[in-house]
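For reference, start39.cif is printed below; it contains mmCIF, C-alpha atoms.
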data_structure
#
loop_
_atom_site.label_atom_id
_atom_site.label_comp_id
_atom_site.auth_asym_id
_atom_site.auth_seq_id
_atom_site.Cartn_x
_atom_site.Cartn_y
_atom_site.Cartn_z
CA MET A 1 -25.11 9.27 1.25
CA LYS A 2 -21.64 7.90 0.61
CA ARG A 3 -20.90 5.10 -1.75
CA ARG A 4 -20.15 1.79 -0.06
CA SER A 5 -16.69 0.38 -0.82
CA ASP A 6 -16.51 -3.06 -2.41
CA VAL A 7 -14.24 -4.53 0.24
CA ALA A 8 -12.93 -3.37 3.58
CA GLU A 9 -9.33 -3.03 4.66
CA PRO A 10 -8.59 -6.35 6.37
CA ILE A 11 -8.48 -6.51 10.15
CA MET A 12 -5.59 -8.73 11.17
CA LEU A 13 -5.10 -8.43 14.94
CA SER A 14 -5.50 -12.08 15.94
CA PRO A 15 -2.35 -14.26 15.88
CA SER A 16 -3.69 -16.45 13.07
CA MET A 17 -4.46 -13.45 10.87
CA ARG A 18 -1.12 -11.81 11.61
CA GLU A 19 0.57 -15.00 10.47
CA LEU A 20 -1.60 -15.05 7.35
CA ASP A 21 -0.67 -11.44 6.59
CA ARG A 22 3.01 -12.30 6.97
CA MET A 23 2.62 -15.00 4.31
CA VAL A 24 0.56 -12.67 2.09
CA ARG A 25 3.32 -10.07 2.20
CA ALA A 26 5.87 -12.72 1.26
CA VAL A 27 4.04 -14.09 -1.78
CA ALA A 28 2.23 -10.98 -3.07
CA PRO A 29 5.26 -9.48 -4.91
CA LYS A 30 5.95 -12.80 -6.68
CA ASP A 31 3.99 -13.58 -9.83
CA VAL A 32 2.77 -16.94 -8.58
CA VAL A 33 -0.73 -18.41 -8.44
CA VAL A 34 -2.21 -18.17 -4.93
CA THR A 35 -5.14 -20.27 -3.73
CA LEU A 36 -7.12 -19.11 -0.69
CA ILE A 37 -9.07 -21.71 1.29
CA GLY A 38 -11.71 -20.65 3.79
CA GLU A 39 -15.34 -20.88 4.80
CA SER A 40 -17.98 -18.81 3.05
CA GLY A 41 -17.88 -15.21 4.23
CA SER A 42 -14.44 -15.50 5.85
CA GLY A 43 -12.95 -12.71 3.71
CA LYS A 44 -11.23 -14.50 0.84
CA GLU A 45 -11.90 -11.69 -1.64
CA VAL A 46 -10.59 -9.11 0.83
CA VAL A 47 -7.35 -11.08 1.15
CA GLY A 48 -7.23 -11.59 -2.62
CA ARG A 49 -7.45 -7.85 -3.13
CA ARG A 50 -4.73 -7.34 -0.53
CA ILE A 51 -2.46 -9.68 -2.50
CA HIS A 52 -3.15 -7.57 -5.58
CA GLU A 53 -2.50 -4.27 -3.79
CA LEU A 54 0.82 -5.55 -2.41
CA SER A 55 1.94 -6.86 -5.81
CA LYS A 56 3.73 -5.26 -8.75
CA ARG A 57 0.37 -5.28 -10.56
CA ARG A 58 -1.41 -2.97 -8.10
CA ALA A 59 -1.72 -0.23 -10.76
CA GLY A 60 -3.70 -2.68 -12.92
CA PRO A 61 -7.27 -3.89 -12.41
CA PHE A 62 -8.46 -6.39 -9.82
CA VAL A 63 -11.24 -8.39 -11.50
CA PRO A 64 -13.27 -10.82 -9.35
CA ILE A 65 -15.51 -13.50 -10.81
CA ASN A 66 -17.68 -15.90 -8.80
CA CYS A 67 -17.49 -19.22 -10.62
CA ALA A 68 -20.49 -20.60 -8.71
CA ALA A 69 -22.78 -17.71 -9.64
CA ILE A 70 -22.54 -17.92 -13.44
CA PRO A 71 -24.74 -20.37 -15.40
CA GLU A 72 -22.65 -22.91 -17.30
CA SER A 73 -24.11 -21.77 -20.62
CA LEU A 74 -22.86 -18.22 -20.02
CA PHE A 75 -19.55 -18.97 -18.38
CA GLU A 76 -17.36 -18.99 -21.50
CA SER A 77 -18.77 -15.66 -22.67
CA GLU A 78 -18.44 -14.17 -19.18
CA LEU A 79 -14.83 -15.28 -18.88
CA PHE A 80 -13.58 -14.73 -22.42
CA GLY A 81 -16.07 -12.33 -23.96
CA HIS A 82 -17.79 -12.64 -27.33
CA GLU A 83 -17.82 -11.14 -30.81
CA ARG A 84 -20.72 -9.33 -32.36
CA GLY A 85 -23.21 -11.85 -33.77
CA ALA A 86 -21.78 -14.75 -31.80
CA PHE A 87 -25.28 -15.59 -30.57
CA THR A 88 -28.75 -14.08 -30.45
CA GLY A 89 -28.58 -10.73 -28.69
CA ALA A 90 -24.82 -10.27 -29.19
CA THR A 91 -25.08 -6.88 -30.89
CA GLU A 92 -21.49 -5.82 -30.18
CA ARG A 93 -18.11 -7.14 -29.15
CA VAL A 94 -17.82 -7.57 -25.37
CA ARG A 95 -14.62 -8.11 -23.44
CA GLY A 96 -14.67 -10.88 -20.88
CA LYS A 97 -13.31 -10.87 -17.34
CA VAL A 98 -9.99 -12.36 -18.42
CA GLU A 99 -9.32 -9.63 -20.95
CA ALA A 100 -10.45 -6.97 -18.50
CA SER A 101 -7.87 -8.21 -15.98
CA SER A 102 -4.91 -7.75 -18.32
CA GLY A 103 -2.03 -6.13 -16.46
CA GLY A 104 -3.68 -6.90 -13.13
CA THR A 105 -5.17 -9.79 -11.18
CA LEU A 106 -7.98 -12.21 -12.03
CA PHE A 107 -9.68 -13.44 -8.85
CA LEU A 108 -11.58 -16.70 -9.38
CA ASP A 109 -13.85 -17.19 -6.38
CA GLU A 110 -15.44 -20.57 -5.59
CA LEU A 111 -13.20 -22.25 -8.17
CA GLY A 112 -14.06 -25.67 -6.80
CA GLU A 113 -17.68 -25.17 -7.92
CA LEU A 114 -16.69 -24.74 -11.58
CA PRO A 115 -18.27 -27.44 -13.82
CA LEU A 116 -15.81 -29.91 -15.35
CA ALA A 117 -16.50 -28.74 -18.91
CA MET A 118 -15.63 -25.18 -17.94
CA GLN A 119 -12.51 -26.37 -16.12
CA ALA A 120 -11.20 -27.65 -19.47
CA LYS A 121 -11.69 -24.23 -21.08
CA LEU A 122 -9.93 -22.51 -18.20
CA LEU A 123 -7.05 -24.97 -18.42
CA ARG A 124 -6.53 -24.21 -22.12
CA PHE A 125 -6.23 -20.53 -21.33
CA LEU A 126 -3.80 -21.05 -18.45
CA GLU A 127 -1.46 -23.13 -20.58
CA ASN A 128 -0.38 -20.13 -22.67
CA ARG A 129 -2.51 -17.18 -21.47
CA ARG A 130 -4.24 -17.03 -24.85
CA PHE A 131 -7.92 -17.45 -25.73
CA MET A 132 -10.55 -16.73 -28.36
CA ARG A 133 -13.71 -14.79 -27.70
CA VAL A 134 -16.92 -16.71 -28.30
CA GLY A 135 -17.62 -16.45 -32.03
CA GLY A 136 -14.10 -15.18 -32.70
CA SER A 137 -11.34 -16.54 -34.93
CA THR A 138 -8.31 -14.68 -33.55
CA LYS A 139 -6.49 -15.56 -30.37
CA VAL A 140 -6.04 -12.83 -27.76
CA SER A 141 -3.02 -12.76 -25.43
CA VAL A 142 -3.46 -11.58 -21.86
CA ASP A 143 -0.93 -10.91 -19.10
CA THR A 144 -2.77 -11.52 -15.84
CA ARG A 145 -2.07 -13.01 -12.44
CA LEU A 146 -4.38 -15.66 -11.06
CA VAL A 147 -5.64 -15.75 -7.48
CA CYS A 148 -8.15 -18.49 -6.66
CA ALA A 149 -10.48 -19.07 -3.73
CA THR A 150 -12.31 -22.19 -2.64
CA LEU A 151 -14.34 -23.49 0.29
CA ARG A 152 -12.60 -26.87 0.32
CA PRO A 153 -9.02 -27.93 -0.50
CA LEU A 154 -8.88 -28.62 -4.22
CA GLU A 155 -6.93 -31.86 -3.74
CA LEU A 156 -10.01 -33.26 -2.01
CA GLU A 157 -12.13 -32.21 -4.99
CA VAL A 158 -9.66 -34.00 -7.28
CA GLU A 159 -9.94 -37.19 -5.21
CA ALA A 160 -13.74 -36.94 -5.38
CA GLY A 161 -13.62 -36.59 -9.19
CA ARG A 162 -15.11 -33.09 -9.15
CA PHE A 163 -11.97 -31.24 -10.17
CA ARG A 164 -9.59 -31.96 -13.05
CA PRO A 165 -6.17 -33.08 -11.82
CA ASP A 166 -4.40 -31.40 -14.75
CA LEU A 167 -6.01 -28.06 -13.86
CA TYR A 168 -5.15 -28.58 -10.21
CA TYR A 169 -1.47 -29.15 -11.01
CA ARG A 170 -1.49 -26.13 -13.34
CA ILE A 171 -2.68 -23.77 -10.60
CA GLU A 172 -0.94 -25.49 -7.69
CA GLY A 173 1.24 -22.73 -6.32
CA ILE A 174 0.86 -21.18 -2.88
CA THR A 175 -2.08 -22.23 -0.70
CA LEU A 176 -3.15 -20.02 2.20
CA HIS A 177 -5.83 -20.93 4.76
CA LEU A 178 -8.17 -18.26 6.17
CA PRO A 179 -9.35 -19.02 9.71
CA PRO A 180 -13.09 -18.63 10.38
CA LEU A 181 -14.18 -15.65 12.46
CA ARG A 182 -14.95 -17.83 15.51
CA GLU A 183 -11.21 -18.60 15.71
CA ARG A 184 -10.30 -14.90 15.48
CA PRO A 185 -11.91 -13.38 18.60
CA ALA A 186 -9.43 -10.49 18.69
CA ASP A 187 -10.74 -9.34 15.29
CA ILE A 188 -14.46 -9.24 16.16
CA ALA A 189 -14.63 -5.91 18.02
CA PRO A 190 -12.48 -3.92 15.55
CA LEU A 191 -14.37 -5.43 12.63
CA ALA A 192 -17.69 -4.49 14.24
CA HIS A 193 -16.52 -0.90 14.78
CA GLN A 194 -15.17 -0.71 11.23
CA PHE A 195 -18.46 -1.91 9.75
CA ILE A 196 -20.48 0.50 11.90
CA ALA A 197 -18.37 3.46 10.74
CA GLU A 198 -18.59 2.41 7.09
CA LEU A 199 -22.27 1.45 7.01
CA SER A 200 -23.57 4.38 9.05
CA ALA A 201 -21.78 6.71 6.61
CA PHE A 202 -23.22 4.79 3.67
CA HIS A 203 -26.78 5.02 5.00
CA GLY A 204 -26.36 8.60 6.22
CA VAL A 205 -27.17 7.84 9.86
CA LYS A 206 -25.39 8.43 13.15
CA PRO A 207 -23.29 5.44 14.19
CA PRO A 208 -24.77 3.36 17.02
CA LYS A 209 -22.72 2.86 20.17
CA LEU A 210 -21.51 -0.64 20.99
CA GLY A 211 -21.16 -1.13 24.73
CA ARG A 212 -19.29 -3.84 26.60
CA THR A 213 -22.33 -6.10 27.01
CA ALA A 214 -23.16 -6.03 23.29
CA LEU A 215 -19.50 -6.56 22.37
CA ALA A 216 -19.32 -9.52 24.76
CA ALA A 217 -22.34 -11.04 23.00
CA LEU A 218 -20.64 -10.56 19.63
CA GLN A 219 -17.49 -12.27 20.87
CA ARG A 220 -19.37 -15.22 22.39
CA TYR A 221 -21.29 -15.98 19.20
CA GLY A 222 -19.98 -18.65 16.80
CA TRP A 223 -20.55 -16.69 13.53
CA PRO A 224 -21.37 -19.52 11.12
CA GLY A 225 -21.62 -16.89 8.37
CA ASN A 226 -18.26 -15.40 9.36
CA VAL A 227 -17.30 -11.80 8.54
CA ARG A 228 -20.18 -11.42 6.08
CA GLN A 229 -22.69 -12.28 8.82
CA LEU A 230 -21.04 -9.83 11.23
CA ARG A 231 -21.28 -7.10 8.60
CA ASN A 232 -24.97 -7.81 8.08
CA ALA A 233 -25.57 -7.71 11.84
CA MET A 234 -23.85 -4.33 12.10
CA GLU A 235 -25.85 -2.97 9.15
CA ARG A 236 -29.05 -3.98 10.92
CA THR A 237 -27.79 -2.25 14.07
CA CYS A 238 -26.99 0.95 12.16
CA LEU A 239 -30.50 1.09 10.75
CA LEU A 240 -32.39 0.20 13.95
CA ARG A 241 -30.28 2.03 16.57
CA PRO A 242 -28.79 5.09 14.82
CA GLY A 243 -26.84 7.18 17.33
CA LEU A 244 -28.13 5.06 20.26
CA PRO A 245 -26.50 2.57 22.63
CA VAL A 246 -26.79 -1.02 21.37
CA ARG A 247 -28.37 -3.42 23.84
CA VAL A 248 -28.09 -7.19 23.62
CA GLN A 249 -31.77 -7.40 22.67
CA ASP A 250 -31.08 -5.06 19.73
CA LEU A 251 -28.78 -7.64 18.14
CA PRO A 252 -30.11 -10.31 15.73
CA ARG A 253 -32.10 -13.01 17.48
CA ALA A 254 -29.42 -15.71 17.27
CA LEU A 255 -26.93 -13.47 19.07
CA SER A 256 -29.30 -12.21 21.75
CA ALA A 257 -30.59 -15.74 22.44
CA GLY A 258 -27.03 -16.99 22.86
CA ALA A 259 -26.20 -14.13 25.21
CA ALA A 260 -29.32 -14.81 27.30
CA ALA A 261 -28.42 -18.49 27.62
CA ALA A 262 -24.84 -17.64 28.59
CA SER A 263 -26.02 -15.14 31.21
CA LYS A 264 -27.85 -17.81 33.24
CA GLN A 265 -25.98 -18.48 36.43
CA ARG A 266 -24.52 -21.91 36.86
CA THR A 267 -23.18 -23.29 40.11
CA LEU A 268 -20.42 -25.83 40.16
CA GLU A 269 -19.54 -27.22 43.56
CA VAL A 270 -15.93 -28.23 44.11
CA SER A 271 -14.16 -29.62 47.13
CA LEU A 272 -10.64 -28.97 48.31
CA ASP A 273 -10.53 -32.61 49.35
CA GLN A 274 -10.59 -33.66 45.69
CA PRO A 275 -7.39 -33.90 43.64
CA LEU A 276 -6.65 -30.68 41.78
CA GLU A 277 -6.59 -32.53 38.45
CA ARG A 278 -10.17 -33.73 38.97
CA THR A 279 -11.38 -30.22 39.85
CA VAL A 280 -9.72 -28.77 36.75
CA HIS A 281 -11.31 -31.50 34.65
CA ARG A 282 -14.80 -30.69 36.01
CA LEU A 283 -14.31 -26.99 35.28
CA LEU A 284 -13.22 -27.78 31.75
CA LEU A 285 -16.19 -30.08 31.12
CA ALA A 286 -18.56 -27.40 32.42
CA ALA A 287 -17.04 -24.80 30.10
CA LEU A 288 -17.31 -27.19 27.16
CA GLU A 289 -20.97 -27.84 27.96
CA ILE A 290 -21.73 -24.12 28.10
CA GLU A 291 -19.95 -23.53 24.79
CA GLY A 292 -21.62 -26.45 23.03
CA GLY A 293 -18.42 -28.48 22.84
CA ASN A 294 -16.43 -25.74 21.12
CA ARG A 295 -12.92 -26.04 22.54
CA SER A 296 -11.74 -22.61 21.37
CA ARG A 297 -14.60 -20.81 23.12
CA ALA A 298 -14.22 -22.99 26.24
CA ALA A 299 -10.56 -22.01 26.40
CA ARG A 300 -11.46 -18.31 26.13
CA ARG A 301 -14.08 -18.69 28.86
CA LEU A 302 -11.48 -20.25 31.18
CA GLY A 303 -8.77 -17.77 30.23
CA VAL A 304 -6.37 -20.43 28.97
CA SER A 305 -4.98 -21.35 25.57
CA LEU A 306 -6.61 -23.84 23.22
CA ARG A 307 -3.43 -25.91 23.43
CA THR A 308 -3.85 -26.17 27.22
CA VAL A 309 -7.41 -27.45 26.80
CA GLN A 310 -6.38 -29.98 24.17
CA ARG A 311 -3.46 -31.19 26.27
CA HIS A 312 -5.65 -31.66 29.34
CA LEU A 313 -8.34 -33.56 27.40
CA ALA A 314 -5.74 -35.83 25.80
CA ARG A 315 -4.24 -36.56 29.22
CA ALA A 316 -7.69 -37.27 30.69
CA GLU A 317 -8.57 -39.60 27.82
CA LYS A 318 -5.29 -41.47 28.21
CA ALA A 319 -5.89 -41.88 31.94
CA SER A 320 -9.41 -43.24 31.50
#
Please lay out the structure from this file as structure tokens.
Amino acid sequence: MKRRSDVAEPIMLSPSMRELDRMVRAVAPKDVVVTLIGESGSGKEVVGRRIHELSKRRAGPFVPINCAAIPESLFESELFGHERGAFTGATERVRGKVEASSGGTLFLDELGELPLAMQAKLLRFLENRRFMRVGGSTKVSVDTRLVCATLRPLELEVEAGRFRPDLYYRIEGITLHLPPLRERPADIAPLAHQFIAELSAFHGVKPPKLGRTALAALQRYGWPGNVRQLRNAMERTCLLRPGLPVRVQDLPRALSAGAAAASKQRTLEVSLDQPLERTVHRLLLAALEIEGGNRSRAARRLGVSLRTVQRHLARAEKAS
């Protein structure tokens, strides 16, 4: 059984991801703070690691830390480490994540979830890249690059009073937005195949075979959990259909139910006596109804661009 890698090589075939990769390549060699904004599971850590690997610090460590997953009482020790005897159970000196990232990149995930008290401690470190371990009396200097990730734009968190403005201005550098998977349909099939190859090797099973019907179901689904949810779905497929063709009913229930609903035939009667604009409008409304109002998926169903759909709807609204 092979060891599973921490992150996958990013798939960037869709136009939005190709544009993101162009910006990543531009900023990665510069020692500037980068903030990644994207939904949960959209691949922020993968992109953060790519920034590290394309930087001058790639020979150094890439150290991720999830700010939302660490209890407030342990955060300072987790980030900065502690000295022996600093608290009950501290039997030896322990380096924190910041110190471990020296010469490399410190990736702060879910930074917007960091409690205000901990934001102050982080700010003090960022001002001069020096800190003291918990229970220590000597300041430690660290040379590290900061890459942050957040679900929501930090300026909105500042306006809501949940994020310190002085910390925001300290880390305000380059902001990159990761599109959710539902807006990256060109990436779904290659991601699915990549996960199947990786996970079947990890579990020591033959890779299942994704056919066109199953792939179509994957591409129709909205993926609220993004790339992480797709990975989980492919892991389930590897375990339940090793070496076998994957049918729609073999996919997780949410996907197979969506495919079944989409497969129902619908009849839309049109007349050549009607104005072409009205017929196009009816087709568009039908596609939007099928796709639950999602304009991107309706555009894909009709074989047109999202901009075409938006332009038509704006024109129809103006005419009404």
What's the 7 Å shell around segment 121-135 of chain A, counting all atoms listed in the file, without same-chain residues fewer than 4 positions away, as a PyMOL selection string?
-> chain A and resi 77+80-83+86+117+139-143+167
Within 12 Å of Arg25 of chain A, counting only C-alpha atoms, which residues show up once you throw out same-chain ones fewer than 3 positions away? Write them as a PyMOL selection string, please.
-> chain A and resi 18-22+28-30+47-48+50-56+176
Hits from the PyMOL selection byres ((chain A and resi 72) around 12), listed as a PyMOL selection string = chain A and resi 67-71+73-79+113-119+121
Dump as a PDB file, in the frame of the given file, selection limited to C-alpha atoms:
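Written file, again_12.pdb:
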ATOM      1  CA  CYS A  67     -17.490 -19.220 -10.620  1.00  0.00           C
ATOM      2  CA  ALA A  68     -20.490 -20.600  -8.710  1.00  0.00           C
ATOM      3  CA  ALA A  69     -22.780 -17.710  -9.640  1.00  0.00           C
ATOM      4  CA  ILE A  70     -22.540 -17.920 -13.440  1.00  0.00           C
ATOM      5  CA  PRO A  71     -24.740 -20.370 -15.400  1.00  0.00           C
ATOM      6  CA  SER A  73     -24.110 -21.770 -20.620  1.00  0.00           C
ATOM      7  CA  LEU A  74     -22.860 -18.220 -20.020  1.00  0.00           C
ATOM      8  CA  PHE A  75     -19.550 -18.970 -18.380  1.00  0.00           C
ATOM      9  CA  GLU A  76     -17.360 -18.990 -21.500  1.00  0.00           C
ATOM     10  CA  SER A  77     -18.770 -15.660 -22.670  1.00  0.00           C
ATOM     11  CA  GLU A  78     -18.440 -14.170 -19.180  1.00  0.00           C
ATOM     12  CA  LEU A  79     -14.830 -15.280 -18.880  1.00  0.00           C
ATOM     13  CA  GLU A 113     -17.680 -25.170  -7.920  1.00  0.00           C
ATOM     14  CA  LEU A 114     -16.690 -24.740 -11.580  1.00  0.00           C
ATOM     15  CA  PRO A 115     -18.270 -27.440 -13.820  1.00  0.00           C
ATOM     16  CA  LEU A 116     -15.810 -29.910 -15.350  1.00  0.00           C
ATOM     17  CA  ALA A 117     -16.500 -28.740 -18.910  1.00  0.00           C
ATOM     18  CA  MET A 118     -15.630 -25.180 -17.940  1.00  0.00           C
ATOM     19  CA  GLN A 119     -12.510 -26.370 -16.120  1.00  0.00           C
ATOM     20  CA  LYS A 121     -11.690 -24.230 -21.080  1.00  0.00           C
TER      21      LYS A 121
END
Name the residues in contact with Met17 of chain A at a cut-off of 10 Å, using only C-alpha atoms, excluding same-chain residues fewer than 4 positions from it; report them as a PyMOL selection string.
-> chain A and resi 10-13+21-23+177-179+183-184+186-187
Between atom CA of Glu235 of chain A and atom CA of Ile196 of chain A, measure the distance and give it in Å to one decimal.
->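 Separation between atom CA of Glu235 of chain A and atom CA of Ile196 of chain A: 7.0 Å.
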Written as a PyMOL selection string, which residues does the PyMOL selection byres ((chain A and resi 284) around 12) give for the file shown?
-> chain A and resi 268+277-283+285-291+293-304+306+308-313+316
How about saving the chosen residues, C-alpha atoms kept, as a PDB file, keeping the file's coordinate frame?
ATOM      1  CA  LEU A 268     -20.420 -25.830  40.160  1.00  0.00           C
ATOM      2  CA  GLU A 277      -6.590 -32.530  38.450  1.00  0.00           C
ATOM      3  CA  ARG A 278     -10.170 -33.730  38.970  1.00  0.00           C
ATOM      4  CA  THR A 279     -11.380 -30.220  39.850  1.00  0.00           C
ATOM      5  CA  VAL A 280      -9.720 -28.770  36.750  1.00  0.00           C
ATOM      6  CA  HIS A 281     -11.310 -31.500  34.650  1.00  0.00           C
ATOM      7  CA  ARG A 282     -14.800 -30.690  36.010  1.00  0.00           C
ATOM      8  CA  LEU A 283     -14.310 -26.990  35.280  1.00  0.00           C
ATOM      9  CA  LEU A 285     -16.190 -30.080  31.120  1.00  0.00           C
ATOM     10  CA  ALA A 286     -18.560 -27.400  32.420  1.00  0.00           C
ATOM     11  CA  ALA A 287     -17.040 -24.800  30.100  1.00  0.00           C
ATOM     12  CA  LEU A 288     -17.310 -27.190  27.160  1.00  0.00           C
ATOM     13  CA  GLU A 289     -20.970 -27.840  27.960  1.00  0.00           C
ATOM     14  CA  ILE A 290     -21.730 -24.120  28.100  1.00  0.00           C
ATOM     15  CA  GLU A 291     -19.950 -23.530  24.790  1.00  0.00           C
ATOM     16  CA  GLY A 293     -18.420 -28.480  22.840  1.00  0.00           C
ATOM     17  CA  ASN A 294     -16.430 -25.740  21.120  1.00  0.00           C
ATOM     18  CA  ARG A 295     -12.920 -26.040  22.540  1.00  0.00           C
ATOM     19  CA  SER A 296     -11.740 -22.610  21.370  1.00  0.00           C
ATOM     20  CA  ARG A 297     -14.600 -20.810  23.120  1.00  0.00           C
ATOM     21  CA  ALA A 298     -14.220 -22.990  26.240  1.00  0.00           C
ATOM     22  CA  ALA A 299     -10.560 -22.010  26.400  1.00  0.00           C
ATOM     23  CA  ARG A 300     -11.460 -18.310  26.130  1.00  0.00           C
ATOM     24  CA  ARG A 301     -14.080 -18.690  28.860  1.00  0.00           C
ATOM     25  CA  LEU A 302     -11.480 -20.250  31.180  1.00  0.00           C
ATOM     26  CA  GLY A 303      -8.770 -17.770  30.230  1.00  0.00           C
ATOM     27  CA  VAL A 304      -6.370 -20.430  28.970  1.00  0.00           C
ATOM     28  CA  LEU A 306      -6.610 -23.840  23.220  1.00  0.00           C
ATOM     29  CA  THR A 308      -3.850 -26.170  27.220  1.00  0.00           C
ATOM     30  CA  VAL A 309      -7.410 -27.450  26.800  1.00  0.00           C
ATOM     31  CA  GLN A 310      -6.380 -29.980  24.170  1.00  0.00           C
ATOM     32  CA  ARG A 311      -3.460 -31.190  26.270  1.00  0.00           C
ATOM     33  CA  HIS A 312      -5.650 -31.660  29.340  1.00  0.00           C
ATOM     34  CA  LEU A 313      -8.340 -33.560  27.400  1.00  0.00           C
ATOM     35  CA  ALA A 316      -7.690 -37.270  30.690  1.00  0.00           C
TER      36      ALA A 316
END
Closest to Arg220 of chain A among A:Leu255, A:Leu244, A:Ala192, A:Leu111, using all atoms listed in the file?
->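 The closest residue to Arg220 of chain A is A:Leu255.
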Given the choices A:Glu99, A:Glu155, A:Glu92, A:Glu110, which gets closest to Ser40 of chain A if the distance is worked out from only C-alpha atoms?
->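 Using only C-alpha atoms, Ser40 of chain A sits closest to A:Glu110.
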Separation of atom CA of Val33 of chain A and atom CA of Ile171 of chain A, in Å?
-> 6.1 Å
From the list A:Arg241, A:Arg84, A:Arg58, A:Arg152, which residue is nearest Thr35 of chain A when using all atoms listed in the file?
->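 Looking at the shortest contact to Thr35 of chain A, the residue is A:Arg152.
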